[in-house]
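Peer 1: So here's final.txt, just compact mmCIF, C-alpha atoms:
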```txt
# COMPACT_ATOMS: atom_id res chain seq x y z
CA MET Q 1 222.66 81.12 -175.27
CA ALA Q 2 219.78 80.72 -172.80
CA SER Q 3 220.35 81.91 -169.24
CA SER Q 4 220.14 79.64 -166.20
CA GLU Q 5 216.88 81.34 -165.24
CA GLU Q 6 215.41 80.67 -168.67
CA LEU Q 7 216.62 77.08 -168.65
CA HIS Q 8 215.13 76.58 -165.19
CA LYS Q 9 211.73 77.73 -166.44
CA ARG Q 10 211.97 75.36 -169.41
CA ARG Q 11 212.98 72.57 -167.06
CA GLY Q 12 209.89 73.12 -164.91
CA ALA Q 13 207.67 72.60 -167.95
CA ALA Q 14 209.59 69.65 -169.40
CA VAL Q 15 211.46 67.65 -166.72
CA ALA Q 16 209.76 65.47 -164.09
CA ARG Q 17 209.73 67.11 -160.66
CA GLY Q 18 211.20 64.02 -159.04
CA VAL Q 19 214.58 64.65 -160.71
CA GLY Q 20 216.48 66.97 -158.37
CA SER Q 21 219.64 69.07 -158.76
CA THR Q 22 222.12 70.42 -156.22
CA ILE Q 23 222.41 73.88 -157.80
CA SER Q 24 220.04 75.80 -160.06
CA SER Q 25 222.69 77.09 -162.49
CA TYR Q 26 223.20 75.29 -165.80
CA VAL Q 27 226.63 74.11 -166.92
CA ASP Q 28 228.30 75.39 -170.09
CA HIS Q 29 231.69 73.70 -169.75
CA ALA Q 30 233.93 72.01 -167.18
CA GLY Q 31 237.49 70.79 -166.83
CA GLY Q 32 240.26 70.28 -164.31
CA GLY Q 33 238.76 71.18 -160.97
CA THR Q 34 236.14 73.70 -162.11
CA ILE Q 35 232.65 73.94 -163.58
CA THR Q 36 231.46 77.06 -165.47
CA ASP Q 37 227.80 77.91 -166.02
CA VAL Q 38 226.08 79.55 -168.99
CA GLU Q 39 226.55 82.99 -167.44
CA GLY Q 40 230.26 82.43 -166.97
CA ARG Q 41 230.14 81.88 -163.20
CA GLN Q 42 232.65 79.34 -161.98
CA TRP Q 43 232.57 76.77 -159.21
CA ILE Q 44 235.44 74.83 -157.70
CA ASP Q 45 234.28 71.24 -158.08
CA PHE Q 46 234.30 69.15 -154.88
CA ALA Q 47 231.69 66.76 -156.31
CA ALA Q 48 233.14 65.33 -159.56
CA GLY Q 49 229.64 64.33 -160.66
CA ILE Q 50 229.41 62.15 -157.53
CA ALA Q 51 232.86 60.55 -157.94
CA VAL Q 52 232.52 60.09 -161.71
CA ALA Q 53 234.93 62.68 -163.14
CA ASN Q 54 238.02 61.18 -161.49
CA VAL Q 55 240.10 62.01 -164.57
CA GLY Q 56 238.32 65.36 -164.87
CA ASN Q 57 235.72 66.55 -167.33
CA SER Q 58 236.88 66.56 -170.96
CA ALA Q 59 240.12 64.69 -170.18
CA PRO Q 60 242.23 64.90 -173.39
CA ARG Q 61 242.75 61.16 -173.88
CA VAL Q 62 239.04 60.50 -173.28
CA VAL Q 63 237.96 63.22 -175.72
CA GLU Q 64 240.28 61.87 -178.43
CA ALA Q 65 239.17 58.28 -177.91
CA VAL Q 66 235.48 59.16 -177.97
CA LYS Q 67 235.83 61.23 -181.16
CA ALA Q 68 237.69 58.43 -182.91
CA GLN Q 69 235.10 55.82 -181.89
CA VAL Q 70 232.10 57.96 -182.90
CA GLU Q 71 233.56 58.22 -186.39
CA ARG Q 72 233.88 54.42 -186.66
CA PHE Q 73 230.53 53.26 -185.18
CA THR Q 74 228.31 54.14 -182.23
CA HIS Q 75 226.48 50.87 -181.56
CA THR Q 76 226.10 47.31 -182.76
CA CYS Q 77 225.14 45.66 -179.43
CA PHE Q 78 227.91 43.39 -178.20
CA MET Q 79 225.41 40.52 -177.96
CA VAL Q 80 224.72 40.85 -181.70
CA ALA Q 81 227.99 41.94 -183.31
CA PRO Q 82 230.89 42.08 -180.84
CA TYR Q 83 233.90 44.43 -180.96
CA GLU Q 84 237.40 44.60 -179.52
CA SER Q 85 236.99 47.48 -177.05
CA TYR Q 86 234.50 45.52 -174.90
CA VAL Q 87 237.02 42.69 -174.64
CA ALA Q 88 239.85 45.15 -173.92
CA VAL Q 89 237.94 46.81 -171.07
CA CYS Q 90 237.27 43.39 -169.52
CA GLU Q 91 240.97 42.53 -169.84
CA GLN Q 92 241.91 45.76 -168.07
CA LEU Q 93 239.41 45.22 -165.25
CA ASN Q 94 240.57 41.63 -164.75
CA ALA Q 95 244.13 42.91 -164.45
CA ILE Q 96 243.65 45.89 -162.10
CA THR Q 97 241.07 44.56 -159.64
CA PRO Q 98 242.36 42.87 -156.45
CA GLY Q 99 243.50 39.26 -156.51
CA GLU Q 100 245.71 37.09 -158.68
CA HIS Q 101 243.02 34.48 -159.42
CA GLU Q 102 241.56 33.99 -162.88
CA LYS Q 103 238.77 36.51 -163.53
CA ARG Q 104 236.01 37.36 -165.95
CA SER Q 105 234.06 40.59 -166.43
CA ALA Q 106 230.71 41.66 -167.88
CA LEU Q 107 229.75 45.22 -168.79
CA PHE Q 108 226.54 47.11 -168.05
CA ASN Q 109 225.23 50.69 -168.01
CA SER Q 110 224.91 51.82 -164.39
CA GLY Q 111 225.99 50.99 -160.88
CA ALA Q 112 222.55 49.68 -160.00
CA GLU Q 113 222.70 47.29 -162.97
CA ALA Q 114 226.11 46.08 -161.85
CA VAL Q 115 224.81 45.35 -158.35
CA GLU Q 116 221.71 43.57 -159.70
CA ASN Q 117 223.87 41.40 -161.91
CA ALA Q 118 226.30 40.61 -159.09
CA VAL Q 119 223.33 39.33 -157.07
CA LYS Q 120 222.10 37.32 -160.07
CA ILE Q 121 225.54 35.75 -160.50
CA ALA Q 122 225.91 34.92 -156.80
CA ARG Q 123 222.46 33.36 -156.58
CA HIS Q 124 222.96 31.36 -159.77
CA ALA Q 125 226.40 30.10 -158.77
CA THR Q 126 225.46 29.12 -155.20
CA GLY Q 127 221.83 28.09 -155.63
CA ARG Q 128 221.04 30.12 -152.51
CA PRO Q 129 218.47 32.94 -152.20
CA ALA Q 130 219.52 35.33 -149.41
CA VAL Q 131 221.57 38.50 -149.70
CA VAL Q 132 223.10 40.21 -146.65
CA VAL Q 133 223.57 44.00 -146.66
CA PHE Q 134 224.38 46.63 -144.05
CA ASP Q 135 222.90 49.58 -142.22
CA HIS Q 136 223.52 52.92 -143.99
CA ALA Q 137 224.14 51.14 -147.31
CA TYR Q 138 223.33 52.61 -150.71
CA HIS Q 139 223.29 50.35 -153.78
CA GLY Q 140 220.96 51.99 -156.32
CA ARG Q 141 217.43 53.00 -157.36
CA THR Q 142 216.04 49.93 -159.15
CA ASN Q 143 213.58 47.70 -157.29
CA LEU Q 144 216.18 45.20 -156.12
CA THR Q 145 218.80 47.82 -155.31
CA MET Q 146 216.26 49.92 -153.40
CA ALA Q 147 215.68 46.83 -151.26
CA LEU Q 148 219.43 46.62 -150.71
CA THR Q 149 219.62 50.35 -149.85
CA ALA Q 150 219.06 51.37 -146.23
CA LYS Q 151 217.80 54.97 -146.58
CA ASN Q 152 214.09 55.63 -147.09
CA MET Q 153 213.93 59.29 -148.16
CA PRO Q 154 214.36 60.06 -151.00
CA TYR Q 155 215.37 56.68 -152.41
CA LYS Q 156 212.67 54.24 -151.24
CA HIS Q 157 209.72 56.32 -150.04
CA ARG Q 158 206.43 54.90 -151.42
CA PHE Q 159 208.18 52.90 -154.14
CA GLY Q 160 207.60 49.47 -152.60
CA PRO Q 161 206.96 46.61 -152.29
CA PHE Q 162 210.58 45.64 -152.75
CA ALA Q 163 212.40 42.44 -153.66
CA GLY Q 164 212.58 39.80 -150.95
CA GLU Q 165 215.29 37.69 -149.31
CA ILE Q 166 217.29 40.78 -148.33
CA TYR Q 167 218.67 40.85 -144.77
CA ARG Q 168 220.25 43.88 -143.10
CA VAL Q 169 222.84 43.78 -140.33
CA PRO Q 170 224.74 46.50 -138.41
CA MET Q 171 227.65 48.28 -140.05
CA SER Q 172 230.89 49.12 -138.29
CA TYR Q 173 230.43 52.87 -137.70
CA PRO Q 174 233.22 53.88 -135.32
CA LEU Q 175 231.75 57.27 -134.36
CA ARG Q 176 228.45 55.66 -133.32
CA ASP Q 177 229.55 52.14 -132.37
CA GLY Q 178 230.32 52.63 -128.71
CA GLY Q 179 233.96 51.68 -129.18
CA LEU Q 180 233.48 48.32 -130.91
CA SER Q 181 236.56 47.04 -132.69
CA GLY Q 182 236.32 45.90 -136.25
CA ALA Q 183 236.44 42.26 -135.17
CA GLU Q 184 233.70 42.82 -132.58
CA ALA Q 185 231.46 44.63 -135.07
CA ALA Q 186 231.96 41.82 -137.57
CA ALA Q 187 231.13 39.19 -134.95
CA ARG Q 188 227.90 41.07 -134.16
CA ALA Q 189 226.87 41.06 -137.82
CA ILE Q 190 227.85 37.44 -138.38
CA GLU Q 191 225.90 36.27 -135.32
CA MET Q 192 222.77 37.96 -136.65
CA VAL Q 193 223.18 36.30 -140.03
CA GLU Q 194 223.74 32.85 -138.60
CA LYS Q 195 220.81 33.10 -136.18
CA GLN Q 196 218.27 34.90 -138.37
CA VAL Q 197 219.11 33.71 -141.89
CA GLY Q 198 221.43 30.73 -141.69
CA ALA Q 199 224.77 30.87 -143.46
CA GLU Q 200 223.75 27.97 -145.68
CA ASN Q 201 220.99 30.14 -147.17
CA VAL Q 202 223.17 33.16 -148.00
CA ALA Q 203 224.23 33.64 -151.60
CA ALA Q 204 226.07 36.94 -151.15
CA LEU Q 205 227.34 39.39 -148.60
CA LEU Q 206 227.32 42.82 -150.28
CA ILE Q 207 229.23 45.75 -148.78
CA GLU Q 208 230.73 49.11 -149.71
CA PRO Q 209 234.31 49.13 -148.35
CA ILE Q 210 233.64 52.80 -147.53
CA GLN Q 211 229.97 53.68 -147.53
CA GLY Q 212 229.02 56.45 -149.94
CA GLU Q 213 225.53 57.90 -149.55
CA GLY Q 214 225.43 56.46 -146.03
CA GLY Q 215 227.94 59.08 -144.89
CA PHE Q 216 231.41 58.05 -146.05
CA VAL Q 217 231.51 55.62 -143.15
CA VAL Q 218 234.93 53.95 -142.89
CA PRO Q 219 234.59 50.69 -140.94
CA ALA Q 220 236.97 49.99 -138.08
CA PRO Q 221 240.16 48.13 -139.03
CA GLY Q 222 239.60 44.39 -139.18
CA PHE Q 223 235.87 44.57 -139.98
CA LEU Q 224 236.17 43.84 -143.70
CA PRO Q 225 238.83 41.09 -143.31
CA ALA Q 226 236.71 39.33 -140.67
CA LEU Q 227 233.66 39.37 -142.93
CA ARG Q 228 235.78 38.14 -145.84
CA GLU Q 229 237.09 35.25 -143.72
CA TRP Q 230 233.59 34.25 -142.63
CA ALA Q 231 232.22 34.42 -146.16
CA THR Q 232 234.96 32.14 -147.46
CA ALA Q 233 234.34 29.58 -144.71
CA ALA Q 234 230.56 29.71 -145.24
CA GLY Q 235 230.65 29.47 -149.04
CA VAL Q 236 229.11 32.96 -149.30
CA VAL Q 237 230.05 35.18 -152.26
CA PHE Q 238 231.76 38.32 -150.92
CA VAL Q 239 230.75 41.26 -153.13
CA ALA Q 240 232.56 44.59 -152.80
CA ASP Q 241 230.51 47.51 -154.10
CA GLU Q 242 233.30 49.81 -155.30
CA ILE Q 243 231.05 51.95 -157.48
CA GLN Q 244 231.90 55.18 -155.61
CA THR Q 245 235.24 54.14 -154.10
CA GLY Q 246 236.88 52.69 -157.22
CA PHE Q 247 239.36 53.91 -159.80
CA CYS Q 248 241.97 55.63 -157.61
CA ARG Q 249 239.45 57.63 -155.55
CA THR Q 250 240.72 56.51 -152.12
CA GLY Q 251 244.43 56.48 -152.94
CA GLN Q 252 244.39 52.87 -154.13
CA TRP Q 253 242.82 51.55 -157.31
CA PHE Q 254 240.10 50.07 -155.09
CA ALA Q 255 239.23 50.73 -151.46
CA CYS Q 256 239.26 47.10 -150.34
CA GLU Q 257 243.00 47.09 -151.08
CA HIS Q 258 243.63 49.23 -147.99
CA GLU Q 259 243.11 46.08 -145.88
CA GLN Q 260 244.23 43.56 -148.53
CA VAL Q 261 240.68 42.26 -148.89
CA VAL Q 262 240.12 40.32 -152.11
CA PRO Q 263 236.43 40.11 -153.06
CA ASP Q 264 234.85 37.28 -155.02
CA LEU Q 265 232.92 39.82 -157.11
CA ILE Q 266 233.44 43.56 -157.41
CA THR Q 267 230.90 46.02 -158.82
CA LEU Q 268 232.24 49.03 -160.72
CA ALA Q 269 230.84 52.17 -162.37
CA LYS Q 270 231.11 55.96 -161.80
CA GLY Q 271 234.83 56.71 -162.33
CA ILE Q 272 235.30 53.95 -164.91
CA ALA Q 273 234.78 55.93 -168.14
CA GLY Q 274 235.43 59.64 -167.69
CA GLY Q 275 231.75 60.51 -167.42
CA LEU Q 276 230.25 58.15 -170.00
CA PRO Q 277 227.74 55.57 -168.73
CA LEU Q 278 229.47 52.25 -168.12
CA ALA Q 279 229.48 49.70 -165.31
CA ALA Q 280 230.91 46.25 -164.72
CA VAL Q 281 230.97 43.16 -162.58
CA THR Q 282 234.40 41.56 -162.31
CA GLY Q 283 235.04 38.39 -160.38
CA ARG Q 284 236.27 34.87 -160.02
CA ALA Q 285 236.08 33.00 -163.30
CA GLU Q 286 234.20 30.05 -161.82
CA LEU Q 287 231.46 32.36 -160.50
CA MET Q 288 231.18 34.59 -163.54
CA ASP Q 289 231.16 31.62 -165.91
CA ALA Q 290 228.54 29.73 -163.90
CA VAL Q 291 225.76 31.68 -165.61
CA HIS Q 292 224.35 30.15 -168.81
CA VAL Q 293 224.99 31.83 -172.16
CA GLY Q 294 222.48 34.64 -172.64
CA GLY Q 295 221.88 35.03 -168.89
CA LEU Q 296 223.90 38.25 -168.70
CA GLY Q 297 223.87 41.29 -170.96
CA GLY Q 298 221.76 44.20 -172.13
CA THR Q 299 221.20 46.26 -175.26
CA TYR Q 300 223.59 49.09 -174.37
CA GLY Q 301 225.90 47.32 -171.91
CA GLY Q 302 229.50 47.94 -172.92
CA ASN Q 303 228.59 50.53 -175.56
CA PRO Q 304 231.62 51.04 -177.82
CA ILE Q 305 231.88 54.78 -177.12
CA ALA Q 306 231.82 54.17 -173.37
CA CYS Q 307 234.39 51.39 -173.75
CA ALA Q 308 236.72 53.71 -175.68
CA ALA Q 309 236.32 56.27 -172.90
CA ALA Q 310 237.04 53.64 -170.24
CA LEU Q 311 240.26 52.51 -171.90
CA ALA Q 312 241.39 56.14 -172.19
CA SER Q 313 240.41 56.84 -168.58
CA ILE Q 314 242.38 53.87 -167.25
CA GLU Q 315 245.38 54.94 -169.35
CA THR Q 316 245.05 58.48 -167.93
CA MET Q 317 244.92 57.13 -164.37
CA ARG Q 318 248.16 55.25 -164.96
CA LYS Q 319 249.97 58.03 -166.85
CA LEU Q 320 249.06 60.71 -164.30
CA ASP Q 321 249.45 58.43 -161.26
CA LEU Q 322 246.00 59.32 -159.97
CA THR Q 323 246.33 57.00 -156.98
CA GLY Q 324 249.24 59.19 -155.89
CA ALA Q 325 247.23 62.31 -156.71
CA ALA Q 326 244.36 61.08 -154.51
CA GLN Q 327 246.78 60.52 -151.65
CA ARG Q 328 248.19 64.04 -151.99
CA ILE Q 329 244.72 65.58 -152.20
CA GLY Q 330 243.67 63.61 -149.14
CA THR Q 331 246.70 64.73 -147.12
CA THR Q 332 246.03 68.40 -147.92
CA MET Q 333 242.28 68.23 -147.36
CA ALA Q 334 242.42 66.17 -144.18
CA ALA Q 335 244.87 68.60 -142.55
CA ARG Q 336 242.61 71.57 -143.31
CA LEU Q 337 239.48 69.72 -142.20
CA ARG Q 338 241.05 68.65 -138.89
CA THR Q 339 242.12 72.23 -138.22
CA LEU Q 340 238.54 73.29 -138.89
CA ALA Q 341 237.25 70.56 -136.58
CA GLU Q 342 239.47 71.74 -133.74
CA ARG Q 343 237.76 75.12 -133.69
CA ASP Q 344 234.19 74.13 -134.60
CA PRO Q 345 232.40 71.91 -132.04
CA ARG Q 346 229.77 70.93 -134.63
CA VAL Q 347 232.33 68.68 -136.36
CA ALA Q 348 232.09 65.28 -134.69
CA GLU Q 349 234.46 63.51 -137.05
CA VAL Q 350 236.65 63.96 -140.10
CA ARG Q 351 236.87 60.69 -141.99
CA GLY Q 352 237.56 59.04 -145.31
CA ARG Q 353 240.51 57.97 -147.43
CA GLY Q 354 242.39 59.70 -150.21
CA ALA Q 355 240.18 62.13 -152.13
CA MET Q 356 237.01 60.72 -150.53
CA LEU Q 357 236.62 62.71 -147.34
CA ALA Q 358 233.75 63.91 -145.17
CA VAL Q 359 232.86 65.73 -141.98
CA GLU Q 360 229.91 64.68 -139.82
CA LEU Q 361 228.06 67.54 -138.13
CA VAL Q 362 226.27 67.26 -134.79
CA GLN Q 363 224.82 69.47 -132.12
CA PRO Q 364 227.87 70.54 -130.04
CA GLY Q 365 228.70 68.24 -127.17
CA THR Q 366 226.43 65.44 -128.43
CA LEU Q 367 226.13 62.91 -131.24
CA VAL Q 368 222.73 64.29 -132.23
CA PRO Q 369 222.87 64.79 -136.03
CA ASP Q 370 222.63 68.37 -137.33
CA PRO Q 371 221.35 68.17 -140.91
CA ALA Q 372 220.38 71.85 -140.85
CA ALA Q 373 224.00 72.84 -140.32
CA ALA Q 374 225.13 70.59 -143.17
CA ALA Q 375 222.53 72.11 -145.51
CA ALA Q 376 223.37 75.68 -144.48
CA ILE Q 377 227.12 75.25 -144.87
CA SER Q 378 226.70 73.54 -148.24
CA ALA Q 379 224.41 76.36 -149.43
CA ALA Q 380 226.97 78.93 -148.31
CA CYS Q 381 229.64 77.06 -150.30
CA HIS Q 382 227.47 77.10 -153.41
CA ALA Q 383 226.83 80.82 -153.08
CA ALA Q 384 230.57 81.47 -152.78
CA GLY Q 385 231.60 79.29 -155.75
CA LEU Q 386 232.29 75.84 -154.29
CA LEU Q 387 230.22 72.81 -155.33
CA THR Q 388 229.75 70.46 -152.37
CA LEU Q 389 227.42 67.56 -151.59
CA THR Q 390 225.69 66.35 -148.44
CA CYS Q 391 225.00 62.73 -147.54
CA GLY Q 392 224.48 60.39 -144.62
CA THR Q 393 221.54 58.49 -143.21
CA TYR Q 394 220.77 61.55 -141.08
CA GLY Q 395 221.62 64.10 -143.81
CA ASN Q 396 224.31 65.63 -141.59
CA VAL Q 397 227.48 64.81 -143.52
CA LEU Q 398 229.39 67.05 -145.92
CA ARG Q 399 231.27 64.93 -148.46
CA PHE Q 400 234.14 65.99 -150.67
CA LEU Q 401 235.01 64.31 -153.98
CA PRO Q 402 237.23 66.60 -156.06
CA PRO Q 403 238.41 65.43 -159.49
CA LEU Q 404 241.78 63.76 -159.07
CA VAL Q 405 243.26 66.22 -161.61
CA ILE Q 406 242.32 69.30 -159.57
CA SER Q 407 245.20 71.77 -159.31
CA ASP Q 408 246.82 72.71 -156.02
CA GLU Q 409 245.57 76.27 -156.48
CA GLU Q 410 241.98 75.16 -157.14
CA LEU Q 411 242.06 72.81 -154.16
CA ALA Q 412 243.37 75.54 -151.86
CA ARG Q 413 240.78 78.02 -153.12
CA GLY Q 414 237.99 75.51 -152.52
CA LEU Q 415 239.19 74.82 -148.99
CA ASP Q 416 239.32 78.56 -148.29
CA ILE Q 417 235.68 78.87 -149.37
CA LEU Q 418 234.71 75.90 -147.20
CA ASP Q 419 236.54 77.39 -144.23
CA ALA Q 420 234.70 80.69 -144.67
CA ALA Q 421 231.35 78.89 -145.03
CA PHE Q 422 231.84 77.25 -141.64
CA GLY Q 423 232.60 80.66 -140.17
```
Show how you would write the structure in this file as structure tokens.

Peer 2:
Amino acid sequence: MASSEELHKRRGAAVARGVGSTISSYVDHAGGGTITDVEGRQWIDFAAGIAVANVGNSAPRVVEAVKAQVERFTHTCFMVAPYESYVAVCEQLNAITPGEHEKRSALFNSGAEAVENAVKIARHATGRPAVVVFDHAYHGRTNLTMALTAKNMPYKHRFGPFAGEIYRVPMSYPLRDGGLSGAEAAARAIEMVEKQVGAENVAALLIEPIQGEGGFVVPAPGFLPALREWATAAGVVFVADEIQTGFCRTGQWFACEHEQVVPDLITLAKGIAGGLPLAAVTGRAELMDAVHVGGLGGTYGGNPIACAAALASIETMRKLDLTGAAQRIGTTMAARLRTLAERDPRVAEVRGRGAMLAVELVQPGTLVPDPAAAAAISAACHAAGLLTLTCGTYGNVLRFLPPLVISDEELARGLDILDAAFG
């Protein structure tokens, strides 16, 4: 087997430089809460493939389902010759997403595709052009989703011009909001929309219930419900981007459930299929069915292998009570992180929900972001055997996304490494 050093040399000659990686070691196998490289070195996994491996890598039910499907057929294209598993995934998503209204779903390949299609559906159903998004948002890397995304480097830099009719308003960011309540922050955003865009021109309001790449920003209580109320009154489609927050990650099936917010459309991906590429838009039947036949789809969308994996993943989430697991992980991690924050003045805030937690690092005594500290601490974690990620508009946030099947011992060991890295 080639070494990581050998593989890295091959990569340099074969893989485009623009594709980055967090660590330079190459994975041999992974499972539970660990990743092992080709030399046998092991990392505690606090990344889960960016919130994808919620059920873990090589989850038994997923492995069995994928093997069985590969033996039957790998692809027919649902738009050409349909199959049951696509329908079954849509049935499951219609059942588990928030709201008791009649729903429909459509399947795609990636989170960015799901967001693009949600915008298409909202524009088609309303006949309106404008889309409202928020500061610090991340929605993908395609042309439209780069326009929706707030952060320039590395996502948007020199890739424009971008799609039009996108309008950005302030997010509720409690640490940096000057004490605004959720209702006040929502009123600020709504006023900007009504003055600068006009509610009658807005097709969709698109928001992550907890921002991901933007820094795991949890809006103040009342922010999301106030926006939902305004959208309903204004005839605006409320779209919840639950691509990173979905599938038990925050201690509920979906993060908008923490404030009983029911979106019109919800975009899904990442944790949906145990690591196989699959995404979805689920929403109100009258919106989803407004699009003409043939207006939605794609060659690989709802691939049968990915659908088999999704059904097995959802079954695993239910059988193992992964919403409860996320809550327990969050309780353990938050306690350790708050203890760390009490002794380290660089930690401005510990925030998040369930197994989606973060610490924001600043220069002590200020709110000046300290991205160098975040990078140094993360590098120290990697060197000691803990895989962590940074994020945030300012690059100063450490985010933690362990698989929801991580063991208590693995979680404790990872937190010990993190604690030492801060020291």

Peer 1: Considering all atoms listed in the file, return as a VMD selection string whatever protein or nucleic-acid residues lie within 12 Å of Q:Lys9, sequence-local ones (same chain, fewer than 5 positions apart) excluded.

Peer 2: chain Q and resid 2 to 4 14 to 15 24 to 26

Peer 1: For stretch 13-98 of chain Q versus stretch 396-413 of chain Q, which residues have an atom no more than 10 Å away, and what is each residue's nearest atom pair and distance in Å rounded to one decimal, using all atoms listed in the file, chain-then-number order, as CSV?

Peer 2:
```
residue,atom,partner,partner_atom,distance
Q:Gly31,CA,Q:Ile406,CA,8.8
Q:Gly32,CA,Q:Ile406,CA,5.3
Q:Gly33,CA,Q:Ile406,CA,4.3
Q:Thr34,CA,Q:Glu410,CA,7.8
Q:Trp43,CA,Q:Glu410,CA,9.8
Q:Ile44,CA,Q:Glu410,CA,6.6
Q:Asp45,CA,Q:Pro402,CA,5.9
Q:Phe46,CA,Q:Pro402,CA,4.1
Q:Ala47,CA,Q:Leu401,CA,4.7
Q:Ala48,CA,Q:Pro403,CA,5.3
Q:Gly49,CA,Q:Leu401,CA,8.6
Q:Ile50,CA,Q:Leu401,CA,7.0
Q:Ala51,CA,Q:Leu401,CA,5.9
Q:Val52,CA,Q:Pro403,CA,8.3
Q:Ala53,CA,Q:Pro403,CA,5.7
Q:Asn54,CA,Q:Pro403,CA,4.7
Q:Val55,CA,Q:Leu404,CA,6.0
Q:Gly56,CA,Q:Pro403,CA,5.4
Q:Asn57,CA,Q:Pro403,CA,8.4
Q:Ala59,CA,Q:Val405,CA,9.3
```

Peer 1: Okay, now the selection with C-alpha atoms, as a PDB file, in the coordinates of the input?

Peer 2:
```pdb
ATOM      1  CA  GLY Q  31     237.490  70.790-166.830  1.00  0.00           C
ATOM      2  CA  GLY Q  32     240.260  70.280-164.310  1.00  0.00           C
ATOM      3  CA  GLY Q  33     238.760  71.180-160.970  1.00  0.00           C
ATOM      4  CA  THR Q  34     236.140  73.700-162.110  1.00  0.00           C
ATOM      5  CA  TRP Q  43     232.570  76.770-159.210  1.00  0.00           C
ATOM      6  CA  ILE Q  44     235.440  74.830-157.700  1.00  0.00           C
ATOM      7  CA  ASP Q  45     234.280  71.240-158.080  1.00  0.00           C
ATOM      8  CA  PHE Q  46     234.300  69.150-154.880  1.00  0.00           C
ATOM      9  CA  ALA Q  47     231.690  66.760-156.310  1.00  0.00           C
ATOM     10  CA  ALA Q  48     233.140  65.330-159.560  1.00  0.00           C
ATOM     11  CA  GLY Q  49     229.640  64.330-160.660  1.00  0.00           C
ATOM     12  CA  ILE Q  50     229.410  62.150-157.530  1.00  0.00           C
ATOM     13  CA  ALA Q  51     232.860  60.550-157.940  1.00  0.00           C
ATOM     14  CA  VAL Q  52     232.520  60.090-161.710  1.00  0.00           C
ATOM     15  CA  ALA Q  53     234.930  62.680-163.140  1.00  0.00           C
ATOM     16  CA  ASN Q  54     238.020  61.180-161.490  1.00  0.00           C
ATOM     17  CA  VAL Q  55     240.100  62.010-164.570  1.00  0.00           C
ATOM     18  CA  GLY Q  56     238.320  65.360-164.870  1.00  0.00           C
ATOM     19  CA  ASN Q  57     235.720  66.550-167.330  1.00  0.00           C
ATOM     20  CA  ALA Q  59     240.120  64.690-170.180  1.00  0.00           C
TER      21      ALA Q  59
END
```

Peer 1: Within 9 Å of (234.5, 52.7, -173.3) (coordinates as in the file), grab all the protein and nucleic acid residues, counting all atoms listed in the file, and write them out as a list in words.

Peer 2: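 Residues with an atom at most 9 Å from (234.5, 52.7, -173.3): Ala65, Val66, Ser85, Tyr86, Val89, Ile272, Ala273, Gly274, Leu276, Pro277, Leu278, Gly302, Asn303, Pro304, Ile305, Ala306, Cys307, Ala308, Ala309, Ala310, Leu311, Ala312 and Ser313 of chain Q.
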
Peer 1: Any idea what's packed within 8 Å of stretch 257-260 of chain Q, counting all atoms listed in the file, ignoring anything in its chain fewer than 3 positions away? Could you give it as an MDAnalysis selection string?

Peer 2: chainID Q and resid 98 221:222 224:225 252:254

Peer 1: So that I can check the surroundings of stretch 350-367 of chain Q, please list as JSON, numbers by chain every protein, DNA and RNA residue that reaches within 8 Å of it, counting all atoms listed in the file and ignoring chain neighbours fewer than 6 positions away.

Peer 2: {"Q": [176, 210, 215, 216, 217, 218, 245, 249, 250, 251, 326, 327, 328, 329, 330, 331, 333, 334, 337, 338, 341, 373, 374, 396, 397, 398, 399, 400, 401, 402, 404]}

Peer 1: Point out the residue among Q:Gly12, Q:Gly275, Q:Gly179, Q:Pro219 with the least atom-to-atom distance to Q:Ala30, counting all atoms listed in the file.

Peer 2: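 Among Q:Gly12, Q:Gly275, Q:Gly179, Q:Pro219, it is Q:Gly275 that comes nearest to Q:Ala30.
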
Peer 1: Just the number, please: distance in Å from atom CA of Q:Leu107 to atom CA of Q:Val27, one decimal.

Peer 2: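 Distance between the two atoms: 29.1 Å.
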
Peer 1: May I ask for the distance between atom CA of Q:Gly164 and atom CA of Q:Arg188, given in Å to one decimal place?

Peer 2: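 Answer for the atom CA of Q:Gly164 to atom CA of Q:Arg188 separation: 22.8 Å.
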
Peer 1: Would you mind telling me which residue in Q:His101, Q:Arg123, Q:Arg17, Q:Arg11 lies nearest to Q:Val262 when using only C-alpha atoms?

Peer 2: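 Using only C-alpha atoms, Q:Val262 sits closest to Q:His101.
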
Peer 1: Quick one: pull the distance between atom CA of Q:His29 and atom CA of Q:Phe422, Å, one decimal.

Peer 2: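 Atom CA of Q:His29 sits 28.3 Å away from atom CA of Q:Phe422.
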
Peer 1: Between Q:Ala137, Q:Met146, Q:Ala106, Q:Thr316, which has the minimum distance to Q:Pro60 (counting all atoms listed in the file)?

Peer 2: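 Between Q:Ala137, Q:Met146, Q:Ala106, Q:Thr316, the residue approaching Q:Pro60 most closely is Q:Thr316.
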
Peer 1: Stretch 271-293 of chain Q near stretch 240-244 of chain Q within 10 Å: what's each residue's closest atom pair and its distance in Å to one decimal, counting all atoms listed in the file, ordered by chain then ascending residue number, as a tab-separated table?

Peer 2:
```
residue	atom	partner	partner_atom	distance
Q:Gly271	CA	Q:Gln244	CA	7.5
Q:Ile272	CA	Q:Ile243	CA	8.8
Q:Ala279	CA	Q:Ile243	CA	8.3
Q:Ala280	CA	Q:Ile243	CA	9.2
Q:Val281	CA	Q:Asp241	CA	9.5
```

Peer 1: Residues as selected, C-alpha atoms, written as a short mmCIF file (atom, residue, chain, number, x, y, z; two decimals), keeping the file's coordinate frame, can you do that?

Peer 2:
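File produced: result.cif:
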```cif
data_model
loop_
_atom_site.label_atom_id
_atom_site.label_comp_id
_atom_site.auth_asym_id
_atom_site.auth_seq_id
_atom_site.Cartn_x
_atom_site.Cartn_y
_atom_site.Cartn_z
CA GLY Q 271 234.83 56.71 -162.33
CA ILE Q 272 235.30 53.95 -164.91
CA ALA Q 279 229.48 49.70 -165.31
CA ALA Q 280 230.91 46.25 -164.72
CA VAL Q 281 230.97 43.16 -162.58
#
```
